[in-house]
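Novice: This is the structure, below, for whatever I ask next.
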Amino acid sequence: MSVIIDAQTRVLVQGITGQEGRFWTGHMIGLGTNVVAGVTPGKEGQEVEGVPVFDTVRRATEEFAADASLLFVPPRFARDAVYEALDAGIRTVVVLCEGIPVHDALRIRKAALSQDAMVIGGNTSGVISTGEAMMGFFPHWIERVYSPGRIGVMTRSGSLTNEVTAQIVEAGFGASTLVGIGGDSVPLTRFAEVLPLFESDPGTDAVVIIGELGGTMEEEAAEAIRGESFTKPLVASLGGRTAPEGIRMGHAGAIVTAGKGTVEGKISALEGAGALVADRPSNVGELLREVV
Amino acid sequence: MKLFEYQAKDLFREAGIPVPQGKLVDKPSALDGAVREVGVPCAIKAQVLQGGRGKAGLIQLAYTDAEAREEAAEIFEKTGRGVLVERALGIERELYLSITPEPVSGSALVMASAEGGVEIEEVARTRPEKIVRELVDVSEGLMPFQARDVMFGLGLEGDAAKQGGAMLQALYQLFCRYDAELAEINPLAVTSDGLVAADGKVTIDDGALGRQERFSLSREHFESDVEFDAAREGIPFLHFDGDIGLLCAGAGLTNVIFDLVNYGGGSVNSYVEFGGPNYRKGAKALELMMRTEPRIVLVVTFGTIARADVIAEDLAGAIKDLNPEFPIVVAIRGTGEERVEELLAGVGIESLRDTEVAVGQAIELARAEGARA
């Protein structure tokens, strides 16, 4: 079992004819993802990996019903492409690109909230339900990193995710669904909004959060535990505990300003709510063994 | 990208927000003319991006031409950058006003306080009831009633409240027009002539610089040439004063390595992150790294798009070309990882599989190099 995407989910790919779009569409299909159509303006009539390409999302969805859309578009076009998907009635959208302008991200988030849609990203590797389906790019063929299992994973980072999931697998577990929340300062979907999905998923026994300094998403997850909208075990691995204040650590969202967004603060919120916090990635497996 | 005060005030002036009469002076010889034009008493303000300029002696008040010359000479000496000469204001009291993105609701957040001139975070911590907050729906814009809520909430009355509302509207327009991550007036001075933006900060979203052609990063925004060069390459780069240079792909992973080095009693010399779209810039990253003179370089990646085989091949090539003197500890994993060992063996580097083993080895080597130095 899984959340957000499974083998039945009918997936549309916007920007399918670009280099990345082509390459990863192939891998998505290879994993079993039900990719029904692609969209690139001006390329209607072509095929990518046997998937028909349309000029617009509207035309694509007139032919093939779609439940979710994956966007391989540059950041400056992200807002337009998300709106195009929402306009066609698609309610799950994954945006991969890094560097969506903050003001565009605010508008996208507002639109998604008001239309009851889930837009995930940006600056993410996407979403994968291990062994079932994928929207994005994960090296799912590396078994020591991506193995099916019963742990839900949410992450603000790409490279660190591989590091942590490898530890999860080494400890004898695997992932149900892995959700790339992304590293931007305005994540379009937040940790606490995915937790209820894992809560009601019978295929998920516990959740691992891969977070870092900056923002308030980890604190909101702690709040979800306190409010009992999430009652399964939660283990967090947080980067940037020793980062200096006021310096942006790589990701747009990874910055402590005026004492806010510190990893110390996140740890005390999470531990105070009953979650476990690993002091380094290699402890994640051990902590999972304690609670699962 | 943070704007300098004079740039922020140019934007304010264009938007119709009153600012003190002022003139930017970029060399000492132009100072006298500027002081004559502005008049005394005047404030001499260093145009640097660091906070706390007042405490650092980088803002000085001058009552005579001679004083102005003296103070300006000192600030030129300290910073090597230009100064802003501004007519001094008769300030009755100081307010605070800012607009920032609010990521949870997808709104813009207006914050105002009747206690200006100090950092808003300090007020938020000690006297949170003194802060007026207003969330703005970015698809609708700032409504007039919201501006009134803020201004009456600050205790302004009559013409001052009306003028403040107009200023807030102008600031909001500017916040949107220039893709700002921060638009702040602090202090917002109450004077006998009305409200004046005595100081201001504007930060432009780096992700929007492509459509904000008016502003671009210049050498002045950085402490050193190497930081500027890294920024032009789009490579996140930070310089510290420790031993180990981190050459890692992926910010999340780099932040954890940064912690692991510190936990293990090591110290970080620099942080060069070449993940995501930059993964083919390993050679450039190594070149930047060499300019910070680390004792040891630690390369750790676990990439997907940032393919392990490509990174290892580029790194091996760069080592051959640049011939760095420092030892390099390497753990490159991810897509194509089965070829890494062979590629690195060509330049005599052992390929490690485990992050913590690599970090431990780098700390040991840094210690040994330190003892030898």
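Labeling convention for the structure tokens: chains A, B, ... as they appear, residues from 1 per chain, ligands from 1 in order of appearance.
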Thr130 in chain A: which residues within 8 Å, counting only C-alpha atoms, same-chain residues fewer than 4 positions away excluded, as a list in words?
Specialist: Met134, His140, Tyr146, Ser147, Pro148, Gly149, Ala175, Ser176, Thr177 and Leu178 of chain A
Novice: Applying 9 Å and only C-alpha atoms, which residues near Val38 in chain B remain after dropping the ones on its own chain fewer than 6 positions away? List them as a list in words.
Specialist: Gln21, Gly22, Lys23, Val85, Glu86 and Arg87 of chain B
Novice: Create the file for the chosen residues now, containing N, CA and C atoms and written as a PDB file, in the first residue's frame.
Specialist:
ATOM      1  N   GLN B  21      16.396  63.641   2.265  1.00  0.00           N
ATOM      2  CA  GLN B  21      17.202  64.119   1.146  1.00  0.00           C
ATOM      3  C   GLN B  21      18.605  63.538   1.297  1.00  0.00           C
ATOM      4  N   GLY B  22      19.144  62.976   0.219  1.00  0.00           N
ATOM      5  CA  GLY B  22      20.445  62.330   0.377  1.00  0.00           C
ATOM      6  C   GLY B  22      21.223  62.226  -0.910  1.00  0.00           C
ATOM      7  N   LYS B  23      22.512  61.912  -0.788  1.00  0.00           N
ATOM      8  CA  LYS B  23      23.361  61.765  -1.962  1.00  0.00           C
ATOM      9  C   LYS B  23      24.395  60.671  -1.713  1.00  0.00           C
ATOM     10  N   VAL B  85      25.211  60.250   2.160  1.00  0.00           N
ATOM     11  CA  VAL B  85      25.108  61.458   2.989  1.00  0.00           C
ATOM     12  C   VAL B  85      23.638  61.861   3.000  1.00  0.00           C
ATOM     13  N   GLU B  86      23.044  61.922   4.188  1.00  0.00           N
ATOM     14  CA  GLU B  86      21.607  62.220   4.284  1.00  0.00           C
ATOM     15  C   GLU B  86      21.339  63.358   5.252  1.00  0.00           C
ATOM     16  N   ARG B  87      20.426  64.203   4.894  1.00  0.00           N
ATOM     17  CA  ARG B  87      19.947  65.265   5.777  1.00  0.00           C
ATOM     18  C   ARG B  87      19.398  64.618   7.056  1.00  0.00           C
TER      19      ARG B  87
END
Novice: Return as CSV the residues of chain B lying at most 9 Å from chain A, together with the closest atom-to-atom pair for each and the distance in Å to one decimal, counting only C-alpha atoms, with rows in chain order and ascending residue number.
Specialist:
residue,atom,partner,partner_atom,distance
B:Pro101,CA,A:Leu106,CA,7.4
B:Glu102,CA,A:Leu106,CA,7.8
B:Pro103,CA,A:Val186,CA,4.9
B:Val104,CA,A:Val186,CA,7.7
B:Ser105,CA,A:Lys110,CA,6.7
B:Gly106,CA,A:Leu106,CA,4.3
B:Ser107,CA,A:Leu106,CA,6.1
B:Ala108,CA,A:Leu106,CA,8.1
B:Glu121,CA,A:Ala258,CA,6.3
B:Glu122,CA,A:Ala258,CA,8.5
B:Asp137,CA,A:Lys110,CA,8.1
B:Val138,CA,A:Arg107,CA,6.5
B:Ser139,CA,A:Arg107,CA,6.7
B:Cys176,CA,A:His103,CA,7.5
B:Asp179,CA,A:His103,CA,6.3
B:Ala180,CA,A:His103,CA,8.1
B:Glu181,CA,A:Val102,CA,7.5
B:Asp205,CA,A:Val102,CA,6.6
B:Asp206,CA,A:Pro101,CA,7.8
B:Gly207,CA,A:Pro101,CA,4.7
B:Ala208,CA,A:Pro101,CA,4.9
B:Leu209,CA,A:Pro101,CA,8.7
B:Gly210,CA,A:Arg76,CA,8.5
B:Arg211,CA,A:Arg76,CA,8.8
B:Ile235,CA,A:Gly250,CA,8.9
B:Pro236,CA,A:Gly250,CA,5.7
B:Phe237,CA,A:Gly250,CA,8.0
B:Leu238,CA,A:Met249,CA,8.3
B:Ala249,CA,A:Ser159,CA,7.1
B:Gly250,CA,A:Ser159,CA,5.2
B:Ala251,CA,A:Gly250,CA,4.8
B:Gly252,CA,A:Ser157,CA,5.0
B:Leu253,CA,A:Leu160,CA,4.4
B:Thr254,CA,A:Gly250,CA,8.1
B:Asn255,CA,A:Gly240,CA,5.1
B:Val256,CA,A:Gly239,CA,4.7
B:Ile257,CA,A:Gly239,CA,8.4
B:Phe258,CA,A:Gly240,CA,7.2
B:Asp259,CA,A:Thr242,CA,5.4
B:Leu260,CA,A:Arg280,CA,7.5
B:Asn262,CA,A:Thr242,CA,7.0
B:Tyr263,CA,A:Thr242,CA,8.4
B:Tyr271,CA,A:Met249,CA,8.9
B:Val272,CA,A:Gly250,CA,8.9
B:Glu273,CA,A:Gly250,CA,7.0
B:Gly275,CA,A:Ser159,CA,8.1
B:Gly276,CA,A:Glu98,CA,8.6
B:Pro277,CA,A:Glu98,CA,8.9
B:Thr301,CA,A:Ser159,CA,7.0
B:Phe302,CA,A:Ser159,CA,5.2
B:Gly303,CA,A:Ser159,CA,5.3
B:Thr304,CA,A:Pro139,CA,5.8
B:Ile305,CA,A:Phe137,CA,7.5
B:Ala306,CA,A:Ser159,CA,8.7
B:Gly334,CA,A:Pro139,CA,7.4
B:Thr335,CA,A:Pro139,CA,6.3
B:Thr355,CA,A:Glu163,CA,8.2
B:Glu356,CA,A:Ser282,CA,8.3
Novice: Can you pull out the residues contacting Ile90 in chain A? Cut-off 6 Å, using only C-alpha atoms, and skip same-chain residues under 2 positions away; I want them as a PDB file with C-alpha atoms, in the first residue's frame.
Specialist:
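Below is the file that was written, selection.pdb:
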ATOM      1  CA  ASP A  67      -5.316  11.702 -11.790  1.00  0.00           C
ATOM      2  CA  ALA A  68      -1.939  13.329 -11.362  1.00  0.00           C
ATOM      3  CA  ALA A  85      -3.065  21.120 -14.654  1.00  0.00           C
ATOM      4  CA  LEU A  86      -5.445  22.469 -11.991  1.00  0.00           C
ATOM      5  CA  ALA A  88      -8.017  20.575 -16.292  1.00  0.00           C
ATOM      6  CA  THR A  92      -2.299  15.996  -7.587  1.00  0.00           C
TER       7      THR A  92
END
Novice: Running DSSP on the backbone, which parts of range 28-206 of chain B land in helix (DSSP H, G or I), as a ChimeraX atom specification?
Specialist: /B:28-38,65-79,120-126,128-130,144-153,158-177,206
Novice: What does the distance from CA of Arg291 in chain B to CA of Glu233 in chain B come to in Å, to one decimal?
Specialist: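 Atom-to-atom, CA of Arg291 in chain B to CA of Glu233 in chain B, that is 15.1 Å.
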Novice: Using only C-alpha atoms for the distances, tell me which of A:Ile181, A:Val73, A:Val263, A:Met28 is nearest to Pro244 in chain A.
Specialist: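 Of all the options, A:Val263 lies closest to Pro244 in chain A.
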Novice: Just give me the gap between CA of Val329 in chain B and CA of Gly234 in chain B in Å, one decimal is fine.
Specialist: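 For CA of Val329 in chain B relative to CA of Gly234 in chain B, the distance reads 24.3 Å.
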Novice: Could you check how far CA of Leu61 in chain B sits from CA of Cys42 in chain B, in Å to one decimal?
Specialist: 5.9 Å
Novice: Find the spatial neighbours of range 316-319 of chain B, counting only C-alpha atoms, within a cut-off of 12 Å - ignore same-chain residues fewer than 5 positions away - and output them as a PDB file with C-alpha atoms, in the first residue's frame.
Specialist:
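Ended up saving to out.pdb:
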ATOM      1  CA  ARG B 280      28.951  18.634 -13.994  1.00  0.00           C
ATOM      2  CA  LYS B 281      30.830  21.494 -12.357  1.00  0.00           C
ATOM      3  CA  GLY B 282      33.072  19.316 -10.190  1.00  0.00           C
ATOM      4  CA  ALA B 283      36.232  20.712 -11.792  1.00  0.00           C
ATOM      5  CA  LYS B 284      35.113  24.301 -11.267  1.00  0.00           C
ATOM      6  CA  ALA B 285      34.137  23.448  -7.693  1.00  0.00           C
ATOM      7  CA  LEU B 286      37.573  21.931  -7.016  1.00  0.00           C
ATOM      8  CA  GLU B 287      39.220  25.032  -8.464  1.00  0.00           C
ATOM      9  CA  LEU B 288      37.174  27.302  -6.160  1.00  0.00           C
ATOM     10  CA  MET B 289      38.013  25.017  -3.270  1.00  0.00           C
ATOM     11  CA  MET B 290      41.763  25.286  -3.939  1.00  0.00           C
ATOM     12  CA  VAL B 297      39.113  18.040   0.982  1.00  0.00           C
ATOM     13  CA  VAL B 299      34.039  14.768  -1.385  1.00  0.00           C
ATOM     14  CA  ASP B 309      30.103   7.948 -12.533  1.00  0.00           C
ATOM     15  CA  VAL B 310      30.002  11.406 -14.123  1.00  0.00           C
ATOM     16  CA  ILE B 311      31.092  13.106 -10.895  1.00  0.00           C
ATOM     17  CA  PRO B 324      45.950  19.885  -5.803  1.00  0.00           C
ATOM     18  CA  GLU B 325      48.403  19.553  -2.916  1.00  0.00           C
ATOM     19  CA  PHE B 326      45.893  18.584  -0.239  1.00  0.00           C
ATOM     20  CA  PRO B 327      44.756  14.996   0.389  1.00  0.00           C
ATOM     21  CA  ILE B 328      41.253  14.185  -0.875  1.00  0.00           C
ATOM     22  CA  VAL B 330      36.080  10.512  -1.401  1.00  0.00           C
ATOM     23  CA  ILE B 332      30.769   9.031  -4.270  1.00  0.00           C
ATOM     24  CA  VAL B 340      33.460   4.885  -9.368  1.00  0.00           C
ATOM     25  CA  GLU B 341      36.162   2.695  -7.836  1.00  0.00           C
ATOM     26  CA  GLU B 342      37.911   2.154 -11.163  1.00  0.00           C
ATOM     27  CA  LEU B 343      37.677   5.828 -12.173  1.00  0.00           C
ATOM     28  CA  LEU B 344      39.221   7.039  -8.918  1.00  0.00           C
ATOM     29  CA  ALA B 345      41.914   4.364  -8.845  1.00  0.00           C
ATOM     30  CA  GLY B 346      43.304   6.072 -11.960  1.00  0.00           C
ATOM     31  CA  VAL B 347      44.287   9.087  -9.826  1.00  0.00           C
ATOM     32  CA  GLY B 348      45.313   7.048  -6.814  1.00  0.00           C
ATOM     33  CA  ILE B 349      42.244   7.729  -4.668  1.00  0.00           C
ATOM     34  CA  GLU B 350      40.483   5.084  -2.638  1.00  0.00           C
ATOM     35  CA  SER B 351      36.716   5.069  -3.122  1.00  0.00           C
TER      36      SER B 351
END
Novice: So that I can check the secondary structure, give me every residue of range 98-345 of chain B assigned strand (DSSP E) by backbone DSSP, as number ranges by chain.
Specialist: B: 98-102, 107-113, 131-137, 180-191, 194-197, 200-204, 237-239, 244-248, 268-273, 296-303, 328-334
